[in-house]
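Asks: What follows is final_24.cif, mmCIF, C-alpha atoms.
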data_work
loop_
_atom_site.group_PDB
_atom_site.id
_atom_site.type_symbol
_atom_site.label_atom_id
_atom_site.label_comp_id
_atom_site.auth_asym_id
_atom_site.auth_seq_id
_atom_site.Cartn_x
_atom_site.Cartn_y
_atom_site.Cartn_z
ATOM 1 C CA MET A 1 11.869 41.712 -17.216
ATOM 2 C CA THR A 2 11.506 44.855 -15.119
ATOM 3 C CA ASN A 3 9.349 46.099 -12.284
ATOM 4 C CA ALA A 4 7.770 49.521 -12.938
ATOM 5 C CA HIS A 5 7.541 50.358 -9.228
ATOM 6 C CA LYS A 6 10.699 49.192 -7.490
ATOM 7 C CA ARG A 7 9.848 46.975 -4.561
ATOM 8 C CA ARG A 8 12.314 46.821 -1.692
ATOM 9 C CA ILE A 9 13.609 43.360 -0.796
ATOM 10 C CA LEU A 10 15.671 42.174 2.182
ATOM 11 C CA VAL A 11 17.956 39.236 1.289
ATOM 12 C CA VAL A 12 18.805 36.734 4.041
ATOM 13 C CA GLU A 13 21.514 34.298 2.906
ATOM 14 C CA ASP A 14 24.569 32.956 4.797
ATOM 15 C CA ASP A 15 26.668 32.090 1.717
ATOM 16 C CA PRO A 16 28.312 35.333 0.493
ATOM 17 C CA LEU A 17 28.643 34.184 -3.126
ATOM 18 C CA VAL A 18 25.029 33.017 -3.287
ATOM 19 C CA ALA A 19 23.881 36.215 -1.590
ATOM 20 C CA GLN A 20 25.614 38.374 -4.195
ATOM 21 C CA ALA A 21 24.210 36.274 -7.038
ATOM 22 C CA VAL A 22 20.691 36.570 -5.631
ATOM 23 C CA ALA A 23 21.087 40.325 -5.157
ATOM 24 C CA GLN A 24 22.299 40.800 -8.731
ATOM 25 C CA THR A 25 19.381 38.743 -10.033
ATOM 26 C CA LEU A 26 16.909 40.870 -8.065
ATOM 27 C CA LEU A 27 18.456 44.063 -9.418
ATOM 28 C CA ARG A 28 18.172 42.780 -12.991
ATOM 29 C CA LEU A 29 14.524 41.929 -12.321
ATOM 30 C CA GLY A 30 13.883 45.527 -11.312
ATOM 31 C CA TYR A 31 13.831 45.244 -7.516
ATOM 32 C CA ASP A 32 15.759 47.242 -4.923
ATOM 33 C CA VAL A 33 17.882 45.245 -2.442
ATOM 34 C CA VAL A 34 17.741 47.153 0.851
ATOM 35 C CA ALA A 35 20.197 44.903 2.752
ATOM 36 C CA ILE A 36 21.887 41.498 2.785
ATOM 37 C CA VAL A 37 22.226 39.671 6.113
ATOM 38 C CA ASP A 38 23.552 36.196 6.930
ATOM 39 C CA ASN A 39 21.757 35.241 10.169
ATOM 40 C CA GLY A 40 18.261 35.061 11.636
ATOM 41 C CA ASP A 41 18.753 37.644 14.371
ATOM 42 C CA ASP A 42 19.892 40.306 11.895
ATOM 43 C CA ALA A 43 17.050 39.325 9.567
ATOM 44 C CA VAL A 44 14.488 40.216 12.226
ATOM 45 C CA SER A 45 16.238 43.453 13.240
ATOM 46 C CA GLN A 46 16.706 44.582 9.623
ATOM 47 C CA ALA A 47 13.077 43.802 8.854
ATOM 48 C CA PHE A 48 12.228 46.273 11.617
ATOM 49 C CA ALA A 49 14.791 48.866 10.503
ATOM 50 C CA GLN A 50 14.340 48.700 6.725
ATOM 51 C CA ASP A 51 10.621 47.818 6.537
ATOM 52 C CA PRO A 52 11.057 46.038 3.174
ATOM 53 C CA ASP A 53 8.198 45.065 0.904
ATOM 54 C CA LEU A 54 9.341 41.439 1.041
ATOM 55 C CA VAL A 55 11.957 39.242 2.728
ATOM 56 C CA LEU A 56 13.783 36.588 0.678
ATOM 57 C CA MET A 57 14.880 34.036 3.274
ATOM 58 C CA ASP A 58 17.206 31.042 3.356
ATOM 59 C CA VAL A 59 16.337 28.279 5.832
ATOM 60 C CA GLY A 60 19.764 27.265 7.131
ATOM 61 C CA LEU A 61 21.347 30.300 8.776
ATOM 62 C CA ARG A 62 24.004 31.165 11.306
ATOM 63 C CA GLY A 63 23.084 32.484 14.720
ATOM 64 C CA SER A 64 20.621 31.533 17.441
ATOM 65 C CA ILE A 65 17.607 31.185 15.122
ATOM 66 C CA ASP A 66 17.273 29.690 11.657
ATOM 67 C CA GLY A 67 15.328 31.075 8.707
ATOM 68 C CA VAL A 68 12.056 29.416 9.679
ATOM 69 C CA GLU A 69 12.033 30.973 13.146
ATOM 70 C CA ALA A 70 13.167 34.331 11.743
ATOM 71 C CA ALA A 71 10.304 34.228 9.230
ATOM 72 C CA ARG A 72 7.820 33.447 11.990
ATOM 73 C CA GLN A 73 9.045 36.379 14.087
ATOM 74 C CA ILE A 74 8.949 38.740 11.099
ATOM 75 C CA ARG A 75 5.383 37.696 10.272
ATOM 76 C CA LEU A 76 4.185 38.205 13.845
ATOM 77 C CA SER A 77 6.049 41.429 14.610
ATOM 78 C CA VAL A 78 6.583 43.254 11.315
ATOM 79 C CA GLY A 79 3.935 41.699 9.090
ATOM 80 C CA ARG A 80 6.159 41.573 6.003
ATOM 81 C CA PRO A 81 5.721 38.723 3.495
ATOM 82 C CA VAL A 82 8.495 36.113 3.451
ATOM 83 C CA VAL A 83 9.505 33.946 0.499
ATOM 84 C CA PHE A 84 11.909 31.093 1.201
ATOM 85 C CA LEU A 85 14.835 30.575 -1.186
ATOM 86 C CA THR A 86 16.596 27.396 -0.126
ATOM 87 C CA ALA A 87 18.018 24.053 -1.201
ATOM 88 C CA GLN A 88 16.291 22.253 1.667
ATOM 89 C CA CYS A 89 13.080 20.350 0.993
ATOM 90 C CA GLU A 90 13.076 17.584 3.612
ATOM 91 C CA PRO A 91 9.638 16.720 5.068
ATOM 92 C CA THR A 92 10.664 17.840 8.555
ATOM 93 C CA ILE A 93 11.757 21.240 7.177
ATOM 94 C CA LEU A 94 8.566 21.617 5.154
ATOM 95 C CA ARG A 95 6.432 20.935 8.225
ATOM 96 C CA ARG A 96 8.198 23.729 10.094
ATOM 97 C CA VAL A 97 8.021 26.040 7.072
ATOM 98 C CA LYS A 98 4.222 25.682 6.917
ATOM 99 C CA GLU A 99 3.971 26.961 10.490
ATOM 100 C CA ALA A 100 5.790 30.155 9.454
ATOM 101 C CA GLU A 101 3.070 30.771 6.808
ATOM 102 C CA PRO A 102 5.399 31.875 3.979
ATOM 103 C CA TYR A 103 4.191 33.536 0.793
ATOM 104 C CA GLY A 104 6.309 31.309 -1.409
ATOM 105 C CA TYR A 105 9.005 28.621 -1.551
ATOM 106 C CA VAL A 106 11.688 28.540 -4.245
ATOM 107 C CA LEU A 107 14.273 25.756 -4.469
ATOM 108 C CA LYS A 108 17.898 26.373 -5.378
ATOM 109 C CA PRO A 109 19.154 26.385 -8.042
ATOM 110 C CA PHE A 110 16.440 28.694 -9.312
ATOM 111 C CA ALA A 111 15.510 30.303 -12.597
ATOM 112 C CA PRO A 112 15.137 34.119 -12.531
ATOM 113 C CA GLU A 113 11.681 33.830 -14.120
ATOM 114 C CA GLN A 114 10.541 31.476 -11.366
ATOM 115 C CA LEU A 115 11.822 33.833 -8.669
ATOM 116 C CA PHE A 116 10.162 36.819 -10.340
ATOM 117 C CA VAL A 117 6.750 35.125 -10.581
ATOM 118 C CA THR A 118 6.909 33.918 -6.966
ATOM 119 C CA ILE A 119 7.837 37.363 -5.655
ATOM 120 C CA GLU A 120 5.145 39.118 -7.695
ATOM 121 C CA LEU A 121 2.442 36.720 -6.531
ATOM 122 C CA ALA A 122 3.591 37.112 -2.928
ATOM 123 C CA LEU A 123 3.495 40.913 -3.149
ATOM 124 C CA HIS A 124 0.054 40.829 -4.762
ATOM 125 C CA ARG A 125 -1.336 38.481 -2.122
ATOM 126 C CA HIS A 126 0.063 40.625 0.684
ATOM 127 C CA GLN A 127 -1.432 43.778 -0.843
ATOM 128 C CA LEU A 128 -4.870 42.168 -1.077
ATOM 129 C CA GLU A 129 -4.671 40.953 2.524
ATOM 130 C CA THR A 130 -3.636 44.416 3.703
ATOM 131 C CA GLU A 131 -6.503 46.111 1.845
ATOM 132 C CA ARG A 132 -9.011 43.622 3.247
ATOM 133 C CA ALA A 133 -7.717 44.164 6.766
ATOM 134 C CA GLN A 134 -8.101 47.932 6.352
ATOM 135 C CA LEU A 135 -11.681 47.533 5.092
ATOM 136 C CA ARG A 136 -12.738 45.162 7.873
ATOM 137 C CA PRO A 137 -13.263 47.821 10.606
ATOM 138 C CA ALA A 138 -15.426 49.919 8.266
ATOM 139 C CA GLN A 139 -17.446 46.841 7.304
ATOM 140 C CA GLU A 140 -17.965 45.962 10.959
ATOM 141 C CA ILE A 141 -19.165 49.503 11.712
ATOM 142 C CA ALA A 142 -21.543 49.412 8.745
ATOM 143 C CA HIS A 143 -22.872 46.045 9.858
ATOM 144 C CA GLN A 144 -23.406 47.371 13.372
ATOM 145 C CA LYS A 145 -25.270 50.407 12.055
ATOM 146 C CA LEU A 146 -27.475 48.250 9.854
ATOM 147 C CA SER A 147 -28.210 46.013 12.827
ATOM 148 C CA GLU A 148 -29.422 49.050 14.749
ATOM 149 C CA LEU A 149 -31.920 49.790 11.962
ATOM 150 C CA ARG A 150 -33.517 46.352 12.048
ATOM 151 C CA GLY A 151 -36.902 45.932 13.702
ATOM 152 C CA LEU A 152 -39.577 48.539 14.372
ATOM 153 C CA LEU A 153 -38.636 52.176 13.720
ATOM 154 C CA PRO A 154 -40.759 54.710 15.663
ATOM 155 C CA ILE A 155 -41.551 57.575 13.295
ATOM 156 C CA CYS A 156 -43.827 60.592 13.731
ATOM 157 C CA ALA A 157 -46.897 60.286 11.514
ATOM 158 C CA GLY A 158 -46.888 64.047 10.971
ATOM 159 C CA CYS A 159 -43.352 65.396 10.522
ATOM 160 C CA LYS A 160 -41.690 61.983 9.897
ATOM 161 C CA LYS A 161 -39.016 62.490 12.566
ATOM 162 C CA ILE A 162 -37.467 59.367 14.127
ATOM 163 C CA HIS A 163 -37.764 58.741 17.852
ATOM 164 C CA GLU A 164 -34.282 57.648 19.014
ATOM 165 C CA ASN A 165 -33.390 55.551 22.065
ATOM 166 C CA ASP A 166 -32.195 58.585 24.015
ATOM 167 C CA GLY A 167 -35.589 60.282 23.585
ATOM 168 C CA ARG A 168 -34.619 62.757 20.885
ATOM 169 C CA TRP A 169 -36.663 63.248 17.711
ATOM 170 C CA THR A 170 -34.339 63.383 14.710
ATOM 171 C CA LYS A 171 -35.105 64.309 11.131
ATOM 172 C CA LEU A 172 -35.363 61.246 8.911
ATOM 173 C CA GLU A 173 -32.477 62.397 6.688
ATOM 174 C CA GLU A 174 -30.206 63.032 9.658
ATOM 175 C CA TYR A 175 -31.091 59.696 11.251
ATOM 176 C CA PHE A 176 -30.223 57.600 8.203
ATOM 177 C CA GLY A 177 -27.129 59.687 7.540
ATOM 178 C CA LYS A 178 -25.877 59.041 11.072
ATOM 179 C CA HIS A 179 -26.813 55.386 11.428
ATOM 180 C CA ALA A 180 -26.483 54.030 7.897
ATOM 181 C CA GLY A 181 -24.303 56.532 6.027
ATOM 182 C CA ILE A 182 -27.146 57.270 3.595
ATOM 183 C CA GLU A 183 -27.491 60.726 2.037
ATOM 184 C CA PHE A 184 -30.816 61.856 0.552
ATOM 185 C CA THR A 185 -31.479 63.846 -2.597
ATOM 186 C CA HIS A 186 -34.771 65.656 -2.913
ATOM 187 C CA GLY A 187 -37.323 65.966 -5.640
ATOM 188 C CA PHE A 188 -41.076 65.621 -6.165
ATOM 189 C CA CYS A 189 -43.095 62.595 -7.053
ATOM 190 C CA PRO A 190 -45.790 63.206 -9.728
ATOM 191 C CA ASP A 191 -48.582 63.404 -7.123
ATOM 192 C CA CYS A 192 -46.823 66.080 -5.064
ATOM 193 C CA GLU A 193 -45.785 67.980 -8.162
ATOM 194 C CA ASN A 194 -49.431 68.109 -9.285
ATOM 195 C CA ARG A 195 -50.602 69.095 -5.810
ATOM 196 C CA LEU A 196 -48.043 71.860 -5.327
ATOM 197 C CA TYR A 197 -47.661 73.249 -8.822
ATOM 198 C CA GLY A 198 -50.982 72.384 -10.424
ATOM 199 C CA THR A 199 -49.587 70.493 -13.359
ATOM 200 C CA HIS A 200 -52.745 68.399 -13.270
ATOM 201 C CA SER A 201 -54.759 71.464 -14.347
ATOM 202 C CA ARG A 202 -53.218 71.451 -17.806
ATOM 203 C CA SER A 203 -55.904 70.373 -20.211
ATOM 204 C CA PRO A 204 -54.869 67.523 -22.451
ATOM 205 C CA ILE A 205 -54.991 68.151 -26.162
ATOM 206 C CA ARG A 206 -57.965 66.365 -27.598
ATOM 207 C CA PRO A 207 -57.900 65.171 -31.138
ATOM 208 C CA LYS A 208 -60.431 66.842 -33.417
#
Show me, as structure tokens, the structure contained in the file I just sent.
Replies:
Amino acid sequence: MTNAHKRRILVVEDDPLVAQAVAQTLLRLGYDVVAIVDNGDDAVSQAFAQDPDLVLMDVGLRGSIDGVEAARQIRLSVGRPVVFLTAQCEPTILRRVKEAEPYGYVLKPFAPEQLFVTIELALHRHQLETERAQLRPAQEIAHQKLSELRGLLPICAGCKKIHENDGRWTKLEEYFGKHAGIEFTHGFCPDCENRLYGTHSRSPIRPK
């Protein structure tokens, strides 16, 4: 089971033997382990420094903050997805974990296949959320432009220019290109083609 594009993972685990086992499992699964830290403070600072694709986080950690608080800070400040890998599943812990909005929760002892699936789903979800967030400003601009086009549109009956709010008269093509992102292609309808090029003058072939 390999990962074609190596994703970079930060491992946060306070038991050295468990940390090494997790790191070796991730390497066999095709991931790149950027760092291993054993406390919440270093988890936050390394998330800043390494900018991993994902953080694999234990709940019970040394230091001033535990894994839940570290995950919350990473989500708010760095925006990296966090998957919890822990033996703790008490209701009080789960309530706190929900507030950190993790992308997954894997209980120890774990199967490599389970860890792989959880990580891949978390990475996929984060990618979709990132793409949607990047599209949102463009969608809002498009919606605003379409809103400006609603209602009556003052247009010259002769040259078909649009009368804008600032008093200018703008060509129809330029107006829609600016306000709605629409580009025009040009051609002739049958009536104009007949009028301009006289195709109507061609005598039809009559059967004998």
Asks: One decimal, in Å: what's the spacing between atom CA of Thr25 of chain A and atom CA of Pro112 of chain A?
Replies: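 Taking atom CA of Thr25 of chain A and atom CA of Pro112 of chain A, their separation equals 6.8 Å.
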Asks: So which one's closest to Leu26 of chain A, A:Gln50, A:Asn165, A:Gln114, A:Ser45? Using all atoms listed in the file, please.
Replies: A:Gln114
Asks: Please compute the atom CA of Lys6 of chain A-atom CA of Tyr31 of chain A distance, one decimal, in Å.
Replies: 5.0 Å
Asks: Where does the PyMOL selection byres ((chain A and resi 73-84) around 9) land in this file, that is, which residues does it pick, as JSON, numbers by chain?
Replies: {"A": [43, 44, 45, 47, 48, 51, 52, 53, 54, 55, 56, 57, 58, 59, 67, 68, 69, 70, 71, 72, 85, 86, 97, 100, 101, 102, 103, 104, 105, 106, 107, 118, 119, 122, 123, 126]}
Asks: Enter the distance from atom CA of Arg8 of chain A to atom CA of Asp32 of chain A, in Å, rounded to one decimal.
Replies: 4.7 Å
Asks: Using only C-alpha atoms, pick whichever of A:Asp41, A:Glu193, A:Glu129, A:Glu13 has the shortest atom-to-atom distance to Ala87 of chain A.
Replies: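 Distance minimum relative to Ala87 of chain A lands on A:Glu13.
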Asks: How big is the axis-aligned box around all listed atoms of segment 85-101 of chain A once 8 Å goes on each side, and where's its centre, in Å to one decimal, as lines of an AutoDock Vina configuration file?
Replies:
center_x = 10.5
center_y = 23.7
center_z = 4.6
size_x = 30.9
size_y = 30.1
size_z = 27.7
Asks: Using all atoms listed in the file - which residues lie no farther than 8 Å from the point (-39.0, 66.8, 11.2) in the file's frame? Write them as a PDB file with C-alpha atoms, in the frame of the given file.
Replies:
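This is the output file selection.pdb:
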ATOM      1  CA  CYS A 159     -43.352  65.396  10.522  1.00  0.00           C
ATOM      2  CA  LYS A 160     -41.690  61.983   9.897  1.00  0.00           C
ATOM      3  CA  LYS A 161     -39.016  62.490  12.566  1.00  0.00           C
ATOM      4  CA  TRP A 169     -36.663  63.248  17.711  1.00  0.00           C
ATOM      5  CA  THR A 170     -34.339  63.383  14.710  1.00  0.00           C
ATOM      6  CA  LYS A 171     -35.105  64.309  11.131  1.00  0.00           C
ATOM      7  CA  LEU A 172     -35.363  61.246   8.911  1.00  0.00           C
TER       8      LEU A 172
END
Asks: Which one of A:Arg95, A:Asp66, A:Phe116, A:Gln134 sits closest to Leu27 of chain A if you count only C-alpha atoms?
Replies: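 When distances to Leu27 of chain A are compared using only C-alpha atoms, the smallest one comes from A:Phe116.
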Asks: Written as a list in words, what is the full residue list that the PyMOL selection byres ((chain A and resi 10) around 6) yields on the file shown?
Replies: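 Those residues are Ile9, Val11, Val33, Val34, Ala35 and Val55 of chain A.
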Asks: May I ask which of the residues A:Gly177, A:Val12, A:Ala49, A:Val22 is the closest one to Ile36 of chain A, counting all atoms listed in the file?
Replies: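 Of A:Gly177, A:Val12, A:Ala49, A:Val22, the one nearest Ile36 of chain A, counting all atoms listed in the file, is A:Val12.
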Asks: Please determine, counting only C-alpha atoms, which residue among A:Leu61, A:Arg7, A:Pro109, A:Glu90 has the shortest atom-to-atom distance to Ala21 of chain A.
Replies: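 The closest residue to Ala21 of chain A is A:Pro109.
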